$ cat start.cif   # mmCIF, C-alpha atoms
data_target
#
loop_
_atom_site.label_atom_id
_atom_site.label_comp_id
_atom_site.auth_asym_id
_atom_site.auth_seq_id
_atom_site.Cartn_x
_atom_site.Cartn_y
_atom_site.Cartn_z
CA MET A 498 104.83 126.45 107.36
CA LEU A 499 103.01 123.86 105.26
CA LYS A 500 104.09 124.88 101.79
CA LEU A 501 102.85 122.27 99.34
CA ALA A 502 103.39 122.93 95.63
CA SER A 503 99.79 122.12 94.73
CA ALA A 504 96.40 122.33 96.39
CA THR A 505 94.07 119.35 96.29
CA ASP A 506 90.80 119.92 94.44
CA PRO A 507 88.14 120.25 97.18
CA ALA A 508 85.99 117.77 95.18
CA TRP A 509 88.58 115.13 96.13
CA ALA A 510 87.05 114.68 99.59
CA ASP A 511 83.54 113.98 98.30
CA ARG A 512 84.93 111.55 95.75
CA VAL A 513 86.95 109.45 98.18
CA LEU A 514 84.29 109.56 100.92
CA ARG A 515 82.04 107.61 98.56
CA GLU A 516 84.44 104.74 99.24
CA LEU A 517 84.85 105.29 102.96
CA PRO A 518 85.77 101.66 103.81
CA GLU A 519 88.72 101.79 101.41
CA VAL A 520 89.79 105.20 102.71
CA LEU A 521 89.64 104.10 106.35
CA LEU A 522 91.68 101.02 105.56
CA ASP A 523 94.22 103.09 103.62
CA HIS A 524 94.42 105.53 106.50
CA ALA A 525 95.17 102.69 108.93
CA HIS A 526 98.00 101.55 106.64
CA CYS A 527 99.28 105.15 106.38
CA GLU A 528 99.54 105.50 110.16
CA LYS A 529 101.25 102.13 110.37
CA LYS A 530 103.69 103.12 107.62
CA ALA A 531 104.38 106.48 109.26
CA ALA A 532 105.38 104.63 112.44
CA GLY A 533 107.42 102.15 110.40
CA VAL A 534 109.37 104.89 108.62
CA ALA A 535 110.25 106.62 111.89
CA ILE A 536 111.40 103.33 113.42
CA ARG A 537 113.44 102.51 110.32
CA LEU A 538 115.26 105.84 110.64
CA ILE A 539 115.99 105.05 114.30
CA PHE A 540 117.51 101.72 113.28
CA GLN A 541 119.42 103.10 110.30
CA TYR A 542 120.92 106.12 112.05
CA PRO A 543 121.92 105.07 115.61
CA ASP A 544 124.90 107.44 115.44
CA HIS A 545 122.61 110.44 115.03
CA ALA A 546 121.59 110.54 118.68
CA PHE A 547 119.52 113.71 118.11
CA LEU A 548 117.03 111.70 116.04
CA MET A 549 116.31 109.00 118.63
CA GLY A 550 114.01 110.65 121.16
CA PRO A 551 111.99 112.77 118.70
CA LEU A 552 111.46 109.89 116.26
CA ALA A 553 110.57 107.46 119.04
CA GLY A 554 107.96 109.92 120.32
CA LEU A 555 106.63 110.45 116.83
CA ALA A 556 106.43 106.69 116.14
CA ARG A 557 104.52 106.25 119.39
CA GLU A 558 102.02 108.85 118.29
CA GLU A 559 101.60 107.28 114.85
CA LEU A 560 101.00 103.90 116.51
CA ALA A 561 98.35 105.44 118.75
CA HIS A 562 96.67 106.85 115.62
CA PHE A 563 96.93 103.44 113.97
CA GLU A 564 95.11 101.94 116.95
CA GLU A 565 92.47 104.68 116.77
CA VAL A 566 91.86 104.02 113.08
CA LEU A 567 91.63 100.28 113.83
CA ALA A 568 88.90 101.15 116.34
CA TRP A 569 87.10 103.15 113.64
CA LEU A 570 87.28 100.18 111.28
CA GLU A 571 85.79 97.97 113.97
CA ARG A 572 83.05 100.48 114.71
CA LYS A 573 82.13 100.39 111.02
CA GLY A 574 82.15 96.58 110.97
CA LEU A 575 85.27 96.46 108.81
CA GLU A 576 88.36 94.34 109.31
CA PHE A 577 91.94 95.44 108.89
CA ARG A 578 93.50 93.61 105.97
CA ARG A 579 96.19 93.86 103.33
CA GLN A 580 95.56 96.60 100.75
CA ARG A 581 97.29 97.54 97.52
CA PRO A 582 99.14 100.77 98.35
CA SER A 583 99.11 103.77 96.04
CA ALA A 584 102.35 104.35 94.14
CA TYR A 585 102.86 107.69 95.93
CA ALA A 586 105.46 106.84 98.60
CA GLY A 587 107.60 104.74 96.26
CA GLN A 588 107.61 107.50 93.65
CA LEU A 589 108.37 110.19 96.20
CA ARG A 590 111.31 108.13 97.45
CA LYS A 591 112.97 108.35 94.01
CA ILE A 592 114.11 111.90 94.76
CA VAL A 593 116.24 110.73 97.70
CA ARG A 594 119.95 111.15 96.99
CA ASP A 595 122.32 108.26 97.75
CA LYS A 596 125.17 110.07 99.45
CA GLU A 597 125.08 110.91 103.14
CA PRO A 598 124.20 113.25 104.75
CA LEU A 599 122.04 114.16 101.74
CA ARG A 600 120.21 110.83 101.93
CA LEU A 601 119.08 111.41 105.51
CA LEU A 602 118.22 115.04 104.77
CA ASP A 603 116.03 113.94 101.85
CA LEU A 604 114.38 111.12 103.83
CA LEU A 605 113.46 113.56 106.60
CA LEU A 606 112.10 116.08 104.10
CA CYS A 607 110.11 113.44 102.21
CA CYS A 608 108.51 112.54 105.53
CA ALA A 609 107.85 116.24 106.15
CA VAL A 610 106.10 116.53 102.78
CA ILE A 611 104.01 113.39 103.31
CA GLU A 612 102.91 114.78 106.69
CA ALA A 613 102.04 118.10 105.04
CA ARG A 614 99.93 116.38 102.38
CA SER A 615 98.22 114.19 104.98
CA CYS A 616 97.50 117.33 106.96
CA GLU A 617 95.93 119.03 103.94
CA ARG A 618 93.81 116.03 102.99
CA LEU A 619 92.66 115.15 106.50
CA GLY A 620 91.59 118.80 106.72
CA LEU A 621 89.52 118.38 103.55
CA LEU A 622 87.95 115.18 104.89
CA ALA A 623 87.24 116.90 108.22
CA ALA A 624 85.58 119.82 106.42
CA ALA A 625 83.49 117.49 104.24
CA LEU A 626 82.33 115.46 107.25
CA GLY A 627 81.68 118.51 109.41
CA ASP A 628 80.62 117.84 112.97
CA GLU A 629 80.31 114.06 112.58
CA PRO A 630 82.50 112.12 115.04
CA LEU A 631 84.72 110.91 112.20
CA GLY A 632 85.12 114.52 111.05
CA ARG A 633 86.22 115.57 114.53
CA PHE A 634 88.65 112.64 114.61
CA TYR A 635 90.21 113.75 111.31
CA GLU A 636 90.42 117.33 112.54
CA GLY A 637 92.43 116.17 115.57
CA LEU A 638 94.77 114.17 113.36
CA ARG A 639 95.17 117.10 110.96
CA LYS A 640 96.76 119.10 113.76
CA ALA A 641 99.07 116.20 114.65
CA GLU A 642 100.23 115.92 111.02
CA ALA A 643 101.08 119.64 111.00
CA ARG A 644 103.15 119.12 114.14
CA HIS A 645 104.92 116.12 112.62
CA HIS A 646 105.71 118.12 109.51
CA GLY A 647 107.38 120.74 111.70
CA LEU A 648 109.28 118.09 113.63
CA TYR A 649 110.74 116.55 110.47
CA VAL A 650 111.76 119.99 109.15
CA ASP A 651 113.39 120.83 112.49
CA LEU A 652 115.35 117.56 112.43
CA ALA A 653 116.47 118.31 108.88
CA CYS A 654 117.71 121.71 110.11
CA GLN A 655 120.16 119.89 112.38
CA LEU A 656 121.82 118.47 109.26
CA ALA A 657 121.91 121.52 107.01
CA ALA A 658 121.47 125.29 107.06
CA ARG A 659 117.87 126.50 107.16
CA ASP A 660 118.13 128.02 103.64
CA GLU A 661 119.42 124.78 102.18
CA VAL A 662 116.60 122.89 103.90
CA ALA A 663 114.03 125.36 102.56
CA ASP A 664 115.37 125.04 99.00
CA ARG A 665 115.40 121.26 99.10
CA LEU A 666 111.95 121.17 100.67
CA GLN A 667 110.66 123.22 97.77
CA GLU A 668 112.19 120.83 95.24
CA ILE A 669 110.59 117.88 96.99
CA THR A 670 107.19 119.54 97.16
CA HIS A 671 107.34 120.09 93.39
CA HIS A 672 108.26 116.46 92.82
CA GLU A 673 105.38 115.45 95.11
CA ALA A 674 102.87 117.67 93.33
CA ALA A 675 103.89 116.15 89.97
CA ILE A 676 103.32 112.64 91.37
CA LEU A 677 99.82 113.50 92.54
CA ALA A 678 99.00 115.27 89.28
CA ASP A 679 99.73 112.02 87.43
CA ALA A 680 98.24 109.64 90.01
CA ARG A 681 95.37 107.32 89.25
CA PRO A 682 92.39 108.49 91.31
CA LEU A 683 92.16 105.71 93.89
CA PRO A 684 90.27 105.98 97.19
CA ARG A 685 93.49 106.69 99.07
CA LEU A 686 94.81 109.59 101.14
CA HIS A 687 97.72 110.06 98.74
CA SER A 688 96.25 109.45 95.33
CA MET B 9 103.75 82.11 134.28
CA LEU B 10 107.39 83.02 133.61
CA LYS B 11 108.89 79.59 133.18
CA LEU B 12 112.49 79.95 132.06
CA ALA B 13 114.60 76.80 131.77
CA SER B 14 117.48 78.27 133.76
CA ALA B 15 117.96 80.82 136.50
CA THR B 16 120.59 83.53 136.15
CA ASP B 17 123.38 83.41 138.74
CA PRO B 18 122.63 86.29 141.15
CA ALA B 19 126.31 87.32 140.83
CA TRP B 20 125.46 88.33 137.24
CA ALA B 21 123.94 91.64 138.37
CA ASP B 22 127.02 92.77 140.32
CA ARG B 23 129.24 91.78 137.41
CA VAL B 24 127.37 93.74 134.74
CA LEU B 25 126.72 96.73 137.00
CA ARG B 26 130.48 97.28 137.10
CA GLU B 27 130.04 98.31 133.46
CA LEU B 28 126.87 100.33 133.88
CA PRO B 29 127.42 102.60 130.82
CA GLU B 30 127.56 99.55 128.54
CA VAL B 31 124.52 97.99 130.22
CA LEU B 32 122.46 101.16 129.93
CA LEU B 33 123.37 101.47 126.27
CA ASP B 34 122.53 97.81 125.64
CA HIS B 35 119.24 98.27 127.44
CA ALA B 36 118.36 101.21 125.20
CA HIS B 37 119.07 99.04 122.16
CA CYS B 38 116.96 96.22 123.65
CA GLU B 39 113.93 98.47 124.07
CA LYS B 40 114.41 99.78 120.54
CA LYS B 41 114.67 96.24 119.19
CA ALA B 42 111.62 95.11 121.14
CA ALA B 43 109.63 97.89 119.46
CA GLY B 44 111.17 96.99 116.10
CA VAL B 45 110.21 93.33 116.37
CA ALA B 46 106.59 94.16 117.23
CA ILE B 47 106.38 96.57 114.29
CA ARG B 48 107.92 94.03 111.96
CA LEU B 49 105.25 91.50 112.95
CA ILE B 50 102.57 94.13 112.23
CA PHE B 51 104.03 94.65 108.75
CA GLN B 52 104.58 90.96 108.02
CA TYR B 53 101.16 89.74 109.16
CA PRO B 54 98.54 92.32 108.06
CA ASP B 55 96.05 89.50 107.49
CA HIS B 56 96.18 88.52 111.15
CA ALA B 57 94.02 91.41 112.30
CA PHE B 58 94.06 90.15 115.91
CA LEU B 59 97.77 91.01 116.16
CA MET B 60 97.48 94.64 115.09
CA GLY B 61 96.09 96.45 118.12
CA PRO B 62 97.97 94.48 120.80
CA LEU B 63 101.31 94.70 118.98
CA ALA B 64 100.86 98.40 118.24
CA GLY B 65 100.17 99.04 121.93
CA LEU B 66 103.16 96.96 122.93
CA ALA B 67 105.46 98.73 120.45
CA ARG B 68 104.29 102.06 121.84
CA GLU B 69 105.22 100.96 125.33
CA GLU B 70 108.64 99.70 124.23
CA LEU B 71 109.27 103.04 122.52
CA ALA B 72 108.34 104.88 125.70
CA HIS B 73 110.83 102.70 127.59
CA PHE B 74 113.44 103.41 124.92
CA GLU B 75 112.89 107.13 125.50
CA GLU B 76 113.18 106.64 129.26
CA VAL B 77 116.47 104.76 128.91
CA LEU B 78 117.73 107.54 126.59
CA ALA B 79 116.92 109.99 129.41
CA TRP B 80 118.93 107.81 131.82
CA LEU B 81 121.87 107.83 129.43
CA GLU B 82 121.69 111.61 129.25
CA ARG B 83 121.46 111.91 133.03
CA LYS B 84 124.66 109.86 133.28
CA GLY B 85 126.41 112.02 130.69
CA LEU B 86 126.40 109.21 128.11
CA GLU B 87 125.39 109.37 124.48
CA PHE B 88 123.33 106.83 122.59
CA ARG B 89 125.46 105.20 119.94
CA ARG B 90 125.87 102.03 117.89
CA GLN B 91 126.85 98.99 119.98
CA ARG B 92 127.86 95.47 119.06
CA PRO B 93 124.85 93.34 119.99
CA SER B 94 125.19 90.05 121.86
CA ALA B 95 124.61 86.95 119.71
CA TYR B 96 121.54 86.02 121.80
CA ALA B 97 118.64 87.16 119.59
CA GLY B 98 120.18 85.80 116.40
CA GLN B 99 120.81 82.43 118.00
CA LEU B 100 117.36 82.28 119.53
CA ARG B 101 115.87 83.00 116.11
CA LYS B 102 117.37 79.77 114.72
CA ILE B 103 114.65 77.73 116.39
CA VAL B 104 111.94 79.44 114.33
CA ARG B 105 110.34 77.04 111.85
CA ASP B 106 109.85 78.15 108.25
CA LYS B 107 106.34 76.97 107.56
CA GLU B 108 103.32 79.04 108.55
CA PRO B 109 101.56 79.19 110.94
CA LEU B 110 104.45 77.59 112.84
CA ARG B 111 106.75 80.47 111.93
CA LEU B 112 104.47 83.07 113.47
CA LEU B 113 103.83 80.87 116.50
CA ASP B 114 107.58 80.51 117.06
CA LEU B 115 108.27 84.20 116.53
CA LEU B 116 105.64 85.12 119.13
CA LEU B 117 107.02 82.57 121.59
CA CYS B 118 110.62 83.70 121.06
CA CYS B 119 109.43 87.21 121.92
CA ALA B 120 107.67 85.80 124.98
CA VAL B 121 110.90 84.12 126.12
CA ILE B 122 113.00 87.24 125.55
CA GLU B 123 110.51 89.24 127.62
CA ALA B 124 110.66 86.59 130.36
CA ARG B 125 114.46 86.72 130.47
CA SER B 126 114.44 90.53 130.45
CA CYS B 127 111.96 90.39 133.31
CA GLU B 128 114.22 88.08 135.33
CA ARG B 129 117.35 90.11 134.71
CA LEU B 130 115.80 93.52 135.29
CA GLY B 131 114.56 92.06 138.58
CA LEU B 132 118.13 91.08 139.48
CA LEU B 133 119.40 94.54 138.57
CA ALA B 134 116.59 96.15 140.57
CA ALA B 135 117.44 93.99 143.59
CA ALA B 136 121.15 94.79 143.31
CA LEU B 137 120.49 98.54 143.05
CA GLY B 138 117.89 98.55 145.81
CA ASP B 139 116.14 101.85 146.45
CA GLU B 140 118.30 103.90 144.08
CA PRO B 141 116.26 105.70 141.40
CA LEU B 142 117.71 103.45 138.70
CA GLY B 143 116.70 100.40 140.75
CA ARG B 144 113.13 101.67 141.01
CA PHE B 145 113.13 102.31 137.26
CA TYR B 146 114.22 98.73 136.57
CA GLU B 147 111.61 97.41 138.98
CA GLY B 148 108.88 99.22 137.02
CA LEU B 149 110.17 97.82 133.75
CA ARG B 150 110.39 94.32 135.22
CA LYS B 151 106.62 94.36 135.69
CA ALA B 152 106.09 95.58 132.14
CA GLU B 153 108.23 92.75 130.74
CA ALA B 154 106.13 90.21 132.68
CA ARG B 155 103.01 91.71 131.12
CA HIS B 156 104.55 91.61 127.64
CA HIS B 157 105.49 87.97 128.13
CA GLY B 158 101.85 87.21 128.92
CA LEU B 159 100.66 89.19 125.91
CA TYR B 160 102.88 87.25 123.51
CA VAL B 161 101.76 83.93 124.97
CA ASP B 162 98.11 84.99 124.69
CA LEU B 163 98.61 85.94 121.05
CA ALA B 164 100.27 82.57 120.40
CA CYS B 165 97.20 80.89 121.93
CA GLN B 166 95.11 82.38 119.13
CA LEU B 167 97.15 80.33 116.67
CA ALA B 168 97.37 76.99 118.46
CA ALA B 169 95.85 75.06 121.35
CA ARG B 170 97.09 76.05 124.81
CA ASP B 171 98.83 72.67 125.31
CA GLU B 172 100.69 72.95 122.04
CA VAL B 173 101.75 76.50 122.95
CA ALA B 174 102.96 75.33 126.37
CA ASP B 175 104.99 72.47 124.83
CA ARG B 176 106.61 74.70 122.26
CA LEU B 177 107.29 77.39 124.84
CA GLN B 178 109.14 74.81 126.90
CA GLU B 179 111.27 73.76 123.91
CA ILE B 180 112.15 77.38 123.23
CA THR B 181 113.06 78.09 126.85
CA HIS B 182 115.47 75.12 126.75
CA HIS B 183 117.04 76.42 123.56
CA GLU B 184 117.32 79.86 125.18
CA ALA B 185 118.92 78.49 128.34
CA ALA B 186 121.52 76.63 126.26
CA ILE B 187 122.38 79.84 124.39
CA LEU B 188 122.96 81.74 127.63
CA ALA B 189 124.96 78.87 129.14
CA ASP B 190 127.38 79.15 126.20
CA ALA B 191 127.36 82.94 125.92
CA ARG B 192 130.46 85.07 126.33
CA PRO B 193 129.99 87.15 129.50
CA LEU B 194 129.48 90.60 128.01
CA PRO B 195 127.96 93.55 129.89
CA ARG B 196 124.58 92.97 128.21
CA LEU B 197 121.10 92.12 129.42
CA HIS B 198 121.11 88.89 127.41
CA SER B 199 124.63 87.59 127.76
#
$ encode --input "start.cif" --output "C-alpha cells"
Amino acid sequence: MLKLASATDPAWADRVLRELPEVLLDHAHCEKKAAGVAIRLIFQYPDHAFLMGPLAGLAREELAHFEEVLAWLERKGLEFRRQRPSAYAGQLRKIVRDKEPLRLLDLLLCCAVIEARSCERLGLLAAALGDEPLGRFYEGLRKAEARHHGLYVDLACQLAARDEVADRLQEITHHEAAILADARPLPRLHS
Amino acid sequence: MLKLASATDPAWADRVLRELPEVLLDHAHCEKKAAGVAIRLIFQYPDHAFLMGPLAGLAREELAHFEEVLAWLERKGLEFRRQRPSAYAGQLRKIVRDKEPLRLLDLLLCCAVIEARSCERLGLLAAALGDEPLGRFYEGLRKAEARHHGLYVDLACQLAARDEVADRLQEITHHEAAILADARPLPRLHS
C-alpha cells in the first residue's frame, strides 16, 4: 500500500537522533500541522459531506498525538516553541493543480504521501530506538500513519477512478522523492 | 460561573425547534467552528506553550461533537452542507483589541462567552425536548460547553490578574448581549 518512490537511508535515523530535542519538537509541529490540514479541508470543502466525518476523526487522532508528543517534550525537560519548518510541505504543495476537483484530489494525495513518509521514518526511528519507551511510542504512531495514508487514498477514490488515483499518487511520490533528495539535512522528520 | 449579560427568552427554543433541520445544521457548523478557533489559536500562539495541550484537548472534544451532530443529521435524513452563518461571531470579534497580550486575552474571553451562550441555549433546547434522545444529547453537550467556558477563563487568567479578567469578561458579555438583542431571528444557536 505504502508505495514511496524512494527509501530513506537507514543512517538517517542515527543522524537525526543525535539531535533528539529538535526532532521531538519537529514531530510535535508535524502532528499539529497534520490536524490543521485536515481541519482546513473540512472548512474548505463543506459541500463534500463524505469528507467531514473521516477528516474530523483523523484530526482528532492527530491532536491526540500532538498532546502525546507534548508530554514527551515535557518528560525530556523541553518546552514547545516555534521552530523553523523544513521546506518539504511547501515544496510538495507545488504539485497541486488549481482546477477542481483536481485540486482536492491532489491535496488528499499529498496528505497520503506525507503520511506514508512519516510512517516510513517513524518506523526507522522506532527500529533505531528499539525497546526504549520512545521507540515503542514511535512504533504505535507508525501504524497510525499507515492507516491515515489509507484513509486519504480512500477519500481520493471517491473523487476519481482507482486507476487515475494510483497514477496520480505515483506522480506525487516521485515529486516527493525529488524534494527529499535535494533537501538540506536538518533534524526533521521530512528533511 | 456562567455570567451572561442577558437571558434568552424561553420561547426561543420552541421557535427554533420548528426549523430543526436548520438548527441541526447550524449546530454542526458551530462545533466545527469551535474546533477551528481552538486550532487557530494553537497555530497563532506557538510561543504560549501553556495553551497547547488544553486547546488541543478542547479541539478534539469539539470535533467529536461535530461528528456526533453529523450522525444526528444522518439519522434525520439530512446532509451536511454549506450554510449562511449568523453575524454573531463576526460582530463579537469586533471587540478584540489589536495589541498583544490584550488580543489573546480578548480572543480567549470571546470564546468563553460563546461557550457560555451555547451552554445556555443548549440547555433551553434540552428542556424543550425533554426526555427525547436529542434532548438528552443536548443536555450532555450543555455540560461540555460549561466546562469549555471555564477552560477559556482559566487560560485567560494565565495572561492577566483574575480581577482584570473578570472586568473584561463582563464588558464582552455586555457586547454579546447587545449583538443578540439586535440579531435577526434566524434558526441558529446564536441568533
$ atom_distance --input "start.cif" --atom1 "CA of Leu112 in chain B" --atom2 "CA of Tyr542 in chain A"
28.4 Å
$ resolve_selection --input "start.cif" --expression "the PyMOL selection byres ((chain B) within 12 of (chain A))" --output "MDAnalysis selection string"
chainID B and resid 33 36:79 81:82 86:92
$ write_last_selection --input "start.cif" --atoms "C-alpha atoms" --output "short mmCIF file (atom, residue, chain, number, x, y, z; two decimals), keeping the file's coordinate frame"
data_model
loop_
_atom_site.label_atom_id
_atom_site.label_comp_id
_atom_site.auth_asym_id
_atom_site.auth_seq_id
_atom_site.Cartn_x
_atom_site.Cartn_y
_atom_site.Cartn_z
CA LEU B 33 123.37 101.47 126.27
CA ALA B 36 118.36 101.21 125.20
CA HIS B 37 119.07 99.04 122.16
CA CYS B 38 116.96 96.22 123.65
CA GLU B 39 113.93 98.47 124.07
CA LYS B 40 114.41 99.78 120.54
CA LYS B 41 114.67 96.24 119.19
CA ALA B 42 111.62 95.11 121.14
CA ALA B 43 109.63 97.89 119.46
CA GLY B 44 111.17 96.99 116.10
CA VAL B 45 110.21 93.33 116.37
CA ALA B 46 106.59 94.16 117.23
CA ILE B 47 106.38 96.57 114.29
CA ARG B 48 107.92 94.03 111.96
CA LEU B 49 105.25 91.50 112.95
CA ILE B 50 102.57 94.13 112.23
CA PHE B 51 104.03 94.65 108.75
CA GLN B 52 104.58 90.96 108.02
CA TYR B 53 101.16 89.74 109.16
CA PRO B 54 98.54 92.32 108.06
CA ASP B 55 96.05 89.50 107.49
CA HIS B 56 96.18 88.52 111.15
CA ALA B 57 94.02 91.41 112.30
CA PHE B 58 94.06 90.15 115.91
CA LEU B 59 97.77 91.01 116.16
CA MET B 60 97.48 94.64 115.09
CA GLY B 61 96.09 96.45 118.12
CA PRO B 62 97.97 94.48 120.80
CA LEU B 63 101.31 94.70 118.98
CA ALA B 64 100.86 98.40 118.24
CA GLY B 65 100.17 99.04 121.93
CA LEU B 66 103.16 96.96 122.93
CA ALA B 67 105.46 98.73 120.45
CA ARG B 68 104.29 102.06 121.84
CA GLU B 69 105.22 100.96 125.33
CA GLU B 70 108.64 99.70 124.23
CA LEU B 71 109.27 103.04 122.52
CA ALA B 72 108.34 104.88 125.70
CA HIS B 73 110.83 102.70 127.59
CA PHE B 74 113.44 103.41 124.92
CA GLU B 75 112.89 107.13 125.50
CA GLU B 76 113.18 106.64 129.26
CA VAL B 77 116.47 104.76 128.91
CA LEU B 78 117.73 107.54 126.59
CA ALA B 79 116.92 109.99 129.41
CA LEU B 81 121.87 107.83 129.43
CA GLU B 82 121.69 111.61 129.25
CA LEU B 86 126.40 109.21 128.11
CA GLU B 87 125.39 109.37 124.48
CA PHE B 88 123.33 106.83 122.59
CA ARG B 89 125.46 105.20 119.94
CA ARG B 90 125.87 102.03 117.89
CA GLN B 91 126.85 98.99 119.98
CA ARG B 92 127.86 95.47 119.06
#
$ residues_around --input "start.cif" --residues "Thr181 in chain B" --least-positions-apart "5" --cutoff "9 Å" --atoms "only C-alpha atoms" --output "ChimeraX atom specification"
/B:11-14,118,121,176,186
$ resolve_selection --input "start.cif" --expression "the PyMOL selection byres ((chain B and resi 152-162) around 8)" --output "count of residues only"
23
$ residues_around --input "start.cif" --residues "Glu30 in chain B" --least-positions-apart "3" --cutoff "10 Å" --atoms "all atoms listed in the file" --output "ChimeraX atom specification"
/B:24-27,33-36,86,91,194-197
$ write_last_selection --input "start.cif" --atoms "C-alpha atoms" --output "tab-separated table (two decimals), in the coordinates of the input"
chain	number	residue	atom	x	y	z
B	24	VAL	CA	127.37	93.74	134.74
B	25	LEU	CA	126.72	96.73	137.00
B	26	ARG	CA	130.48	97.28	137.10
B	27	GLU	CA	130.04	98.31	133.46
B	33	LEU	CA	123.37	101.47	126.27
B	34	ASP	CA	122.53	97.81	125.64
B	35	HIS	CA	119.24	98.27	127.44
B	36	ALA	CA	118.36	101.21	125.20
B	86	LEU	CA	126.40	109.21	128.11
B	91	GLN	CA	126.85	98.99	119.98
B	194	LEU	CA	129.48	90.60	128.01
B	195	PRO	CA	127.96	93.55	129.89
B	196	ARG	CA	124.58	92.97	128.21
B	197	LEU	CA	121.10	92.12	129.42
$ atom_distance --input "start.cif" --atom1 "CA of Ser199 in chain B" --atom2 "CA of Leu28 in chain B"
14.3 Å
$ atom_distance --input "start.cif" --atom1 "CA of Glu617 in chain A" --atom2 "CA of Trp509 in chain A"
11.4 Å
$ residues_near_point --input "start.cif" --point "(115.3, 96.8, 140.0)" --cutoff "12 Å" --atoms "all atoms listed in the file" --output "PyMOL selection string"
chain B and resi 21+25+126-151
$ axis_aligned_box --input "start.cif" --around "range 50-69 of chain B" --padding-each-side "5 Å" --output "JSON"
{"center_x": 99.7, "center_y": 95.3, "center_z": 116.4, "size_x": 21.4, "size_y": 23.5, "size_z": 27.8}
$ resolve_selection --input "start.cif" --expression "the PyMOL selection byres ((chain B and resi 104) around 12)" --output "list in words"
Ala97, Gly98, Gln99, Leu100, Arg101, Lys102, Ile103, Arg105, Asp106, Lys107, Glu108, Pro109, Leu110, Arg111, Leu112, Leu113, Asp114, Leu115, Leu116, Leu117, Cys118, Cys119, Arg176, Leu177, Glu179, Ile180 and His183 of chain B
